[in-house]
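Beneath this line is the structure, given in structure tokens, with notes to follow.
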Amino acid sequence: MNPNKGSPGDLVIITGKNFGHIKDTSYVEFGGSRLTSSSYTSWKDDEIKVILPANFQEGLVVVGVKNLRSKPEFFANVNAVPLQVAENAKLTVPIITGVTPEKLYPGELITIYGSNFGAFRNDSLVYFSADREAVKKEEGDLSDNFEYVAADANNYDYESWSESEIHVRVPDGASGSKMYIQTAKGKSANRTVKIERKAGTKSLISPKTYVIQLSSDVENYSGDKDSSIILRVPRPAVSAYQPSSQLVEANPEPIISDFQHTIIHQMQNIPVQGGRNSTVYAGKKRFLQNFAITVYETRSKVVAANLESSKNISQTLYSTCTASDQIVPAGNEEIKKLLNKILSEEAKKRKDGKRETNPYNISLLCYNYMITTYRILPGMRSENSSPLDMLDSKKGDAYDFTMIYAALLRSAGIPCLPISGVLVNPDLRTKTHWWTEIYFSGFGWFPVDVALGAGLPYQSWLKDIVPSIFYFGNLDSQHIMISRGWNEIKPSASENRTVSRPRSYALQSIWEEASGKTIKYSSYWADPVVVGVY
């Protein structure tokens with residue numbers, strides 16, 4: 001496709017072969033929607049020209065001819081994604097001339113003045129020095145020294161970006177004295193800044209680099225010749241305490257290596273056995289990914305009285321992380337009643353009789369209530385069980401504890417994210433697990449593992465810790481994060497059948513998509529496996 005990104009009204013030229021000499025019933029599909037007849041300007045056997053309509057969707061582009069579909073290509077809508085279409089011919093590095101305010105704290109919105117920043121952010125980043133221990137560099141080591149932490153678009157840190165002015169929030173994990181800007185044109189000189197941590201400190205220590213394998217199998221496939229299967233393999237997330245997640249091996253090569261926080265594989269035109277009207281794939285197809293992931297142990301101390309007002313939090317982050325979604329029932333009436341009970345009981349113990357309003361103290365109250373009121377189950381409940389069941393049964397698994405805790409905090413107006421991934425035991429075996437991160441204004445993200453605090457059986461590499469105390473604000477480096485919050489994925493075509501995997505190591509709505517009227521297959525997703533640790 002030329003170009004592979006654009007906006008409504010642009011001409012896109014698709015080249016290839018076997019399109020047919022006339023359009024007839026053939027079509028081009030953008031993001032699961034077929035273009036209307038008025039979009040086509042010409043159709044040849046080796047070239048198709050289309051004008052992008054006003055409502056076109058970015059995503060996978062497919063050419064369909066009779067009962068056949070091409071391999072997909074990805075097209076981006078530049079109106080939806082801030083991509084730079086044309087490069088500046090004058091190659092100059094960014095220059096920082098000023099930063100306001102002079103004294104900063106984590107999460108504060110700052111303005112950076114200068115030149116040569118670029119009209120769009122694209123992949124450009126603002127880096128701040130971080131309080132992380134250095135990763136030892138040895139021959140063959142897959143990790144890196146993480147002396148700096150970048151402002152993160154997933155945390156909504158970037159407010160605006162222009163050639164001479166950037167509005168960005170000081171990212172979680174920043175606590176040093178330097179900052180710089182990295183663009184495609186180069187790296188700016190370091191700028192001295194002062195980051196104050198009056199609301200508390202967070203140290204990232206004792207890093208470990210794991211090589212973790214995610215794999216899935218597809219077999220017993222049958223379907224018509226137009227059938228296809230799309231697998232969406234979750235990509236491990238990154239954060240201040242998990243700053244690197246590199247894909248070091250993928251077999252087979254994915255059609256897209258990073259889209260909506262997933263790796264996309266597609267089975268199409270599969271070698272088959274059978275008659276003319278029936279296709280059966282006799283073998284097993286394995287999809288394998290290896291990631292090198294660096295994880296730090298997190299130690300946090302919060303000065304509750306010095307937290308900033310929630311008004312200073314990014315409003316997008318606040319609204320996203322305090323709302324109900326597919327897995328966190330923050331708006332449920334039973335959750336609201338439980339929160340009211342917890343706060344009312346605490347108010348009765350106070351001399352002034354006032355209810356607690358400090359977000360740190362509310363988070364601790366809810367944590368202590370849960371670990372003393374509910375019993376943690378060592379195994380996992382069925383995938384269709386509701387976390388709300390534990391409000392009556394007084395027991396639940398790690399998933400239940402995490403989602404109810406997140407719901408309580410969101411109901412109290414405290415931004416909170418459920419995290420999914422695995423725990424790594426000393427024998428390097430993994431266990432699917434869930435925990436939370438809470439956002440405190442002026443401090444940043446604060447980890448809480450309410451299931452381990454409640455006594456979930458687990459052999460930590462750390463010695464002499466009291467789980468009920470340690471896992472409120474601290475995290476060992478045996479937690480490997482896969483998903484950070486709920487990932488709502490739209491199907492690539494509206495008629496596709498989709499498969500979800502509730503209570504799994506990743507929090508995403510779609511894991512598999514199948515197209516074709518008669519398609520049948522079986523799939524197996526293995527638990528993540530640690531194949532090395534450094």
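Ligands are numbered from 1 in the order shown, residues from 1 within each chain, and chains are lettered A, B, ... in the order they appear in the structure tokens.
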
>> If we count only C-alpha atoms and set the cut-off at 7 Å, which residues sit around Ala407 in chain A, ignoring sequence neighbours fewer than 3 positions away in its own chain? Please answer as a PyMOL selection string.
In response: chain A and resi 328-330+335+403-404+410-411

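Excluding Val533 in chain A itself and any same-chain residue fewer than 5 positions from it, the protein and nucleic acid residues within 8 Å of it, counting only C-alpha atoms, are Lys208, Thr209, Tyr210 and Val211 of chain A.
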
>> If we count only C-alpha atoms and set the cut-off at 7 Å, which residues sit around Ser523 in chain A, ignoring sequence neighbours fewer than 6 positions away in its own chain? Please answer as a PyMOL selection string.
In response: chain A and resi 217-219

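Nearest to Lys194 in chain A of all the residues A:Leu125, A:Val99, A:Ala250, A:Ile229 is A:Val99, counting only C-alpha atoms.
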
>> List the spatial neighbours of Lys394 in chain A as a ChimeraX atom specification - criterion: any atom at most 8 Å away, only C-alpha atoms, same-chain residues fewer than 5 positions off excluded.
In response: /A:373-375

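Nearest-residue note for Ile414 in chain A: choosing from A:Arg299, A:Lys311, A:Lys354, A:Arg286, the minimum distance belongs to A:Lys311, counting only C-alpha atoms.
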
Contacts of Leu417 in chain A within 7 Å, only C-alpha atoms, excl. fewer than 3 positions in-chain, as a short mmCIF file (atom, residue, chain, number, x, y, z; two decimals) with all heavy atoms, in the first residue's frame:
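Printed below is selection_15.cif as written:
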data_model
loop_
_atom_site.label_atom_id
_atom_site.label_comp_id
_atom_site.auth_asym_id
_atom_site.auth_seq_id
_atom_site.Cartn_x
_atom_site.Cartn_y
_atom_site.Cartn_z
N CYS A 321 -9.42 5.44 35.29
CA CYS A 321 -9.03 4.55 36.39
C CYS A 321 -9.93 4.64 37.61
O CYS A 321 -9.63 4.07 38.67
CB CYS A 321 -7.58 4.83 36.80
SG CYS A 321 -6.39 4.49 35.50
N ALA A 406 -9.89 -3.28 43.81
CA ALA A 406 -9.86 -2.21 42.81
C ALA A 406 -11.21 -1.50 42.73
O ALA A 406 -11.29 -0.27 42.60
CB ALA A 406 -9.47 -2.77 41.45
N THR A 436 -2.65 -5.01 42.20
CA THR A 436 -3.15 -3.69 41.83
C THR A 436 -2.05 -2.64 41.91
O THR A 436 -1.04 -2.81 42.60
CB THR A 436 -4.31 -3.24 42.75
OG1 THR A 436 -3.87 -3.32 44.11
CG2 THR A 436 -5.54 -4.07 42.56
N GLU A 437 -2.30 -1.52 41.21
CA GLU A 437 -1.50 -0.30 41.37
C GLU A 437 -2.48 0.85 41.62
O GLU A 437 -3.49 0.98 40.92
CB GLU A 437 -0.67 -0.01 40.13
CG GLU A 437 0.49 -0.96 39.93
CD GLU A 437 1.33 -0.56 38.73
OE1 GLU A 437 1.60 0.66 38.56
OE2 GLU A 437 1.71 -1.44 37.95
N ILE A 438 -2.18 1.67 42.62
CA ILE A 438 -3.01 2.81 43.00
C ILE A 438 -2.24 4.08 42.65
O ILE A 438 -1.03 4.16 42.88
CB ILE A 438 -3.33 2.79 44.50
CG1 ILE A 438 -3.88 1.42 44.92
CG2 ILE A 438 -4.31 3.89 44.86
CD1 ILE A 438 -3.92 1.23 46.42
N ARG A 484 -1.66 -4.36 32.15
CA ARG A 484 -1.81 -3.26 33.10
C ARG A 484 -3.14 -2.59 32.83
O ARG A 484 -3.27 -1.73 31.98
CB ARG A 484 -0.65 -2.29 32.92
CG ARG A 484 -0.43 -1.33 34.07
CD ARG A 484 0.97 -0.74 34.01
NE ARG A 484 1.13 0.22 35.09
CZ ARG A 484 0.88 1.52 34.96
NH1 ARG A 484 0.51 2.00 33.78
NH2 ARG A 484 1.02 2.33 35.99
N GLY A 485 -4.18 -3.06 33.53
CA GLY A 485 -5.53 -2.60 33.26
C GLY A 485 -6.19 -3.43 32.16
O GLY A 485 -5.57 -4.29 31.54
#

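With only C-alpha atoms as the atoms that count, the minimum distance from Leu377 in chain A to the choices A:Phe30, A:Trp486, A:Tyr113, A:Phe401 is reached by A:Phe401.
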
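Of the listed residues A:Asp352, A:Glu196, A:Glu345, A:Asp325, the one whose atoms come nearest to Leu104 in chain A is A:Glu196, with distances taken using only C-alpha atoms.
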
>> What parts of range 309-393 of chain A does DSSP call alpha helix (DSSP H)? I'd like the answer as a PyMOL selection string.
In response: chain A and resi 315-321+333-349+359-373+390-393

Kindly export the residues of the current selection with N, CA and C atoms, as a compact mmCIF listing (two decimals), in the first residue's frame.
# COMPACT_ATOMS: atom_id res chain seq x y z
N GLN A 315 -6.84 14.32 33.95
CA GLN A 315 -8.27 14.01 34.00
C GLN A 315 -8.61 12.76 33.20
N THR A 316 -7.85 12.49 32.15
CA THR A 316 -8.07 11.26 31.39
C THR A 316 -7.70 10.05 32.23
N LEU A 317 -6.57 10.12 32.91
CA LEU A 317 -6.17 9.02 33.80
C LEU A 317 -7.20 8.85 34.90
N TYR A 318 -7.64 9.96 35.50
CA TYR A 318 -8.59 9.88 36.61
C TYR A 318 -9.90 9.23 36.18
N SER A 319 -10.46 9.69 35.07
CA SER A 319 -11.76 9.17 34.64
C SER A 319 -11.65 7.71 34.22
N THR A 320 -10.55 7.34 33.57
CA THR A 320 -10.36 5.95 33.13
C THR A 320 -10.19 5.01 34.31
N CYS A 321 -9.42 5.44 35.29
CA CYS A 321 -9.03 4.55 36.39
C CYS A 321 -9.93 4.64 37.61
N GLU A 333 -23.82 -1.58 43.40
CA GLU A 333 -24.39 -1.07 44.65
C GLU A 333 -23.83 -1.78 45.87
N GLU A 334 -23.54 -3.08 45.75
CA GLU A 334 -22.97 -3.82 46.89
C GLU A 334 -21.58 -3.30 47.22
N ILE A 335 -20.83 -2.93 46.21
CA ILE A 335 -19.50 -2.36 46.43
C ILE A 335 -19.62 -1.02 47.15
N LYS A 336 -20.56 -0.19 46.71
CA LYS A 336 -20.76 1.11 47.35
C LYS A 336 -21.17 0.95 48.82
N LYS A 337 -22.03 -0.03 49.09
CA LYS A 337 -22.46 -0.29 50.47
C LYS A 337 -21.28 -0.75 51.33
N LEU A 338 -20.43 -1.61 50.75
CA LEU A 338 -19.28 -2.11 51.49
C LEU A 338 -18.30 -0.97 51.80
N LEU A 339 -18.05 -0.11 50.82
CA LEU A 339 -17.16 1.02 51.06
C LEU A 339 -17.73 1.92 52.15
N ASN A 340 -19.01 2.18 52.11
CA ASN A 340 -19.65 3.00 53.13
C ASN A 340 -19.52 2.37 54.51
N LYS A 341 -19.66 1.05 54.57
CA LYS A 341 -19.51 0.35 55.84
C LYS A 341 -18.10 0.50 56.39
N ILE A 342 -17.10 0.32 55.55
CA ILE A 342 -15.70 0.41 55.98
C ILE A 342 -15.40 1.81 56.51
N LEU A 343 -15.84 2.84 55.79
CA LEU A 343 -15.56 4.22 56.21
C LEU A 343 -16.37 4.62 57.43
N SER A 344 -17.60 4.13 57.53
CA SER A 344 -18.45 4.47 58.68
C SER A 344 -17.90 3.85 59.96
N GLU A 345 -17.46 2.59 59.87
CA GLU A 345 -16.91 1.93 61.05
C GLU A 345 -15.64 2.63 61.53
N GLU A 346 -14.84 3.12 60.59
CA GLU A 346 -13.63 3.84 60.98
C GLU A 346 -13.99 5.19 61.61
N ALA A 347 -15.01 5.85 61.09
CA ALA A 347 -15.41 7.15 61.62
C ALA A 347 -15.88 7.04 63.07
N LYS A 348 -16.52 5.92 63.42
CA LYS A 348 -17.00 5.72 64.79
C LYS A 348 -15.84 5.62 65.78
N LYS A 349 -14.67 5.21 65.30
CA LYS A 349 -13.51 5.06 66.19
C LYS A 349 -12.79 6.38 66.42
N PRO A 359 -6.70 9.67 50.39
CA PRO A 359 -6.72 8.46 49.55
C PRO A 359 -5.80 7.36 50.03
N TYR A 360 -4.66 7.72 50.61
CA TYR A 360 -3.76 6.68 51.13
C TYR A 360 -4.41 5.97 52.31
N ASN A 361 -4.98 6.72 53.22
CA ASN A 361 -5.60 6.12 54.40
C ASN A 361 -6.82 5.27 54.02
N ILE A 362 -7.61 5.72 53.04
CA ILE A 362 -8.75 4.92 52.58
C ILE A 362 -8.26 3.61 51.96
N SER A 363 -7.19 3.69 51.18
CA SER A 363 -6.64 2.48 50.55
C SER A 363 -6.17 1.49 51.62
N LEU A 364 -5.57 2.00 52.67
CA LEU A 364 -5.10 1.12 53.75
C LEU A 364 -6.27 0.53 54.53
N LEU A 365 -7.30 1.33 54.77
CA LEU A 365 -8.49 0.82 55.46
C LEU A 365 -9.13 -0.33 54.68
N CYS A 366 -9.30 -0.14 53.38
CA CYS A 366 -9.91 -1.19 52.54
C CYS A 366 -9.03 -2.43 52.49
N TYR A 367 -7.72 -2.21 52.42
CA TYR A 367 -6.77 -3.34 52.41
C TYR A 367 -6.88 -4.15 53.70
N ASN A 368 -6.83 -3.47 54.84
CA ASN A 368 -6.89 -4.18 56.13
C ASN A 368 -8.24 -4.88 56.31
N TYR A 369 -9.32 -4.25 55.85
CA TYR A 369 -10.63 -4.89 55.96
C TYR A 369 -10.66 -6.18 55.16
N MET A 370 -10.13 -6.14 53.95
CA MET A 370 -10.20 -7.33 53.09
C MET A 370 -9.34 -8.48 53.62
N ILE A 371 -8.13 -8.19 54.07
CA ILE A 371 -7.25 -9.29 54.49
C ILE A 371 -7.67 -9.89 55.83
N THR A 372 -8.50 -9.15 56.59
CA THR A 372 -8.97 -9.70 57.87
C THR A 372 -10.40 -10.25 57.79
N THR A 373 -11.14 -9.91 56.74
CA THR A 373 -12.55 -10.32 56.65
C THR A 373 -12.74 -11.51 55.72
N MET A 390 -17.75 -13.25 46.51
CA MET A 390 -17.03 -13.32 47.78
C MET A 390 -17.62 -12.38 48.84
N LEU A 391 -18.43 -11.43 48.43
CA LEU A 391 -19.05 -10.54 49.43
C LEU A 391 -19.99 -11.32 50.33
N ASP A 392 -20.60 -12.38 49.81
CA ASP A 392 -21.47 -13.23 50.62
C ASP A 392 -20.73 -14.44 51.18
N SER A 393 -19.90 -15.08 50.35
CA SER A 393 -19.22 -16.30 50.78
C SER A 393 -18.05 -16.03 51.72

> Do you know which residues are at most 6 Å from range 152-164 of chain A counting only C-alpha atoms, after dropping those on the same chain fewer than 4 positions away, and could you put them as a PyMOL selection string?
Replying inline: chain A and resi 113-119+121+168-169

> Any idea what's packed within 10 Å of Trp434 in chain A, counting only C-alpha atoms, ignoring anything in its chain fewer than 2 positions away? Could you give it as a list of chain:residue names?
Replying inline: A:Asp397, A:Ala398, A:Tyr399, A:Asp400, A:Phe401, A:Thr402, A:Met403, A:Pro418, A:Ile419, A:Ser420, A:Gly421, A:Val422, A:Leu423, A:Lys431, A:Thr432, A:Thr436, A:Asp449, A:Val450, A:Ala451, A:Leu452, A:His479, A:Met481, A:Ile482, A:Ser483, A:Arg503, A:Ser504, A:Tyr505, A:Ala506, A:Leu507

Grab the residues selected above and save them as a CSV table (one decimal), in the first residue's frame with N, CA, C and O atoms.
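Ended up saving to part-v4.csv:
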chain,number,residue,atom,x,y,z
A,397,ASP,N,-10.5,-16.2,45.3
A,397,ASP,CA,-9.2,-16.4,44.9
A,397,ASP,C,-8.5,-15.1,44.7
A,397,ASP,O,-9.0,-14.0,44.9
A,398,ALA,N,-7.2,-15.1,44.1
A,398,ALA,CA,-6.5,-13.9,44.0
A,398,ALA,C,-7.2,-12.9,43.0
A,398,ALA,O,-7.1,-11.7,43.2
A,399,TYR,N,-7.8,-13.4,42.0
A,399,TYR,CA,-8.6,-12.6,41.0
A,399,TYR,C,-9.7,-11.9,41.7
A,399,TYR,O,-9.9,-10.6,41.5
A,400,ASP,N,-10.5,-12.6,42.5
A,400,ASP,CA,-11.6,-12.0,43.3
A,400,ASP,C,-11.1,-10.9,44.2
A,400,ASP,O,-11.7,-9.8,44.2
A,401,PHE,N,-10.0,-11.1,45.0
A,401,PHE,CA,-9.5,-10.2,45.9
A,401,PHE,C,-9.1,-8.9,45.1
A,401,PHE,O,-9.3,-7.8,45.6
A,402,THR,N,-8.4,-9.1,44.0
A,402,THR,CA,-7.9,-7.9,43.3
A,402,THR,C,-9.0,-7.1,42.7
A,402,THR,O,-9.0,-5.8,42.8
A,403,MET,N,-10.0,-7.7,42.1
A,403,MET,CA,-11.1,-6.9,41.4
A,403,MET,C,-12.0,-6.2,42.5
A,403,MET,O,-12.4,-5.1,42.2
A,418,PRO,N,-6.1,-2.8,37.9
A,418,PRO,CA,-5.8,-4.2,38.2
A,418,PRO,C,-4.6,-4.7,37.2
A,418,PRO,O,-4.6,-4.3,36.1
A,419,ILE,N,-3.7,-5.5,37.8
A,419,ILE,CA,-2.6,-5.9,37.0
A,419,ILE,C,-2.7,-7.5,37.0
A,419,ILE,O,-3.0,-8.1,37.9
A,420,SER,N,-2.3,-8.0,35.8
A,420,SER,CA,-2.3,-9.5,35.7
A,420,SER,C,-0.9,-9.9,35.2
A,420,SER,O,-0.2,-9.1,34.5
A,421,GLY,N,-0.6,-11.1,35.5
A,421,GLY,CA,0.7,-11.6,35.1
A,421,GLY,C,1.0,-13.0,35.8
A,421,GLY,O,0.1,-13.8,36.0
A,422,VAL,N,2.2,-13.2,36.2
A,422,VAL,CA,2.6,-14.4,36.9
A,422,VAL,C,3.5,-14.1,38.1
A,422,VAL,O,4.2,-13.1,38.1
A,423,LEU,N,3.5,-15.0,39.0
A,423,LEU,CA,4.5,-15.1,40.1
A,423,LEU,C,5.5,-16.2,39.7
A,423,LEU,O,5.1,-17.2,39.2
A,431,LYS,N,3.0,-19.0,38.3
A,431,LYS,CA,1.6,-19.1,38.8
A,431,LYS,C,0.8,-17.9,38.3
A,431,LYS,O,1.3,-16.8,38.6
A,432,THR,N,-0.3,-18.0,37.6
A,432,THR,CA,-1.1,-16.9,37.2
A,432,THR,C,-1.5,-16.1,38.4
A,432,THR,O,-2.0,-16.7,39.4
A,436,THR,N,-2.7,-5.0,42.2
A,436,THR,CA,-3.2,-3.7,41.8
A,436,THR,C,-2.1,-2.6,41.9
A,436,THR,O,-1.0,-2.8,42.6
A,449,ASP,N,-0.6,-5.8,46.7
A,449,ASP,CA,-0.9,-7.2,46.4
A,449,ASP,C,-1.8,-7.7,47.5
A,449,ASP,O,-1.3,-8.3,48.5
A,450,VAL,N,-3.1,-7.5,47.4
A,450,VAL,CA,-4.0,-7.8,48.5
A,450,VAL,C,-4.1,-9.3,48.7
A,450,VAL,O,-4.3,-9.8,49.9
A,451,ALA,N,-4.0,-10.1,47.7
A,451,ALA,CA,-4.1,-11.6,47.8
A,451,ALA,C,-2.9,-12.1,48.6
A,451,ALA,O,-3.1,-13.0,49.5
A,452,LEU,N,-1.7,-11.7,48.3
A,452,LEU,CA,-0.5,-12.1,49.1
A,452,LEU,C,-0.6,-11.6,50.5
A,452,LEU,O,-0.2,-12.3,51.5
A,479,HIS,N,7.2,-10.8,40.6
A,479,HIS,CA,6.0,-10.4,39.9
A,479,HIS,C,6.3,-10.0,38.5
A,479,HIS,O,6.9,-8.9,38.2
A,481,MET,N,4.7,-8.7,35.1
A,481,MET,CA,3.4,-8.1,34.7
A,481,MET,C,3.2,-8.4,33.2
A,481,MET,O,4.1,-8.3,32.4
A,482,ILE,N,2.0,-8.8,32.8
A,482,ILE,CA,1.6,-9.0,31.4
A,482,ILE,C,0.6,-7.9,31.0
A,482,ILE,O,0.9,-7.2,30.0
A,483,SER,N,-0.4,-7.7,31.8
A,483,SER,CA,-1.4,-6.6,31.4
A,483,SER,C,-1.5,-5.6,32.6
A,483,SER,O,-1.4,-6.0,33.7
A,503,ARG,N,-10.1,-14.7,33.6
A,503,ARG,CA,-9.2,-15.1,34.7
A,503,ARG,C,-7.9,-15.7,34.2
A,503,ARG,O,-7.4,-16.7,34.7
A,504,SER,N,-7.3,-15.1,33.1
A,504,SER,CA,-6.1,-15.6,32.6
A,504,SER,C,-4.9,-14.6,33.0
A,504,SER,O,-5.1,-13.7,33.7
A,505,TYR,N,-3.7,-14.9,32.4
A,505,TYR,CA,-2.6,-14.1,32.8
A,505,TYR,C,-2.5,-12.8,32.1
A,505,TYR,O,-1.7,-12.0,32.3
A,506,ALA,N,-3.5,-12.5,31.2
A,506,ALA,CA,-3.6,-11.2,30.5
A,506,ALA,C,-5.1,-10.8,30.6
A,506,ALA,O,-6.0,-11.6,30.5
A,507,LEU,N,-5.3,-9.5,30.7
A,507,LEU,CA,-6.6,-8.9,30.8
A,507,LEU,C,-7.0,-8.3,29.5
A,507,LEU,O,-6.8,-7.1,29.3

> What are the DSSP strand (DSSP E or B) residues of range 151-308 of chain A, as a PyMOL selection string?
Replying inline: chain A and resi 158-161+165-169+174-183+186-187+191-192+194-195+200-223+228-234+244-251+256-259+262-268+273+279-281+285-302

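The coordinates place CA of Ser441 in chain A at 14.7 Å from CA of Ala412 in chain A.
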
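Nearest to Val93 in chain A of all the residues A:Gly32, A:Pro467, A:Gly186, A:Gly176 is A:Gly186, counting only C-alpha atoms.
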
> With distances taken over only C-alpha atoms, which of A:Asn358, A:Gln459, A:Ser492, A:Asn55 is nearest to Leu409 in chain A?
Replying inline: A:Asn358

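Across the model, the gap from CA of Ser124 in chain A to CA of Ile96 in chain A is 14.2 Å.
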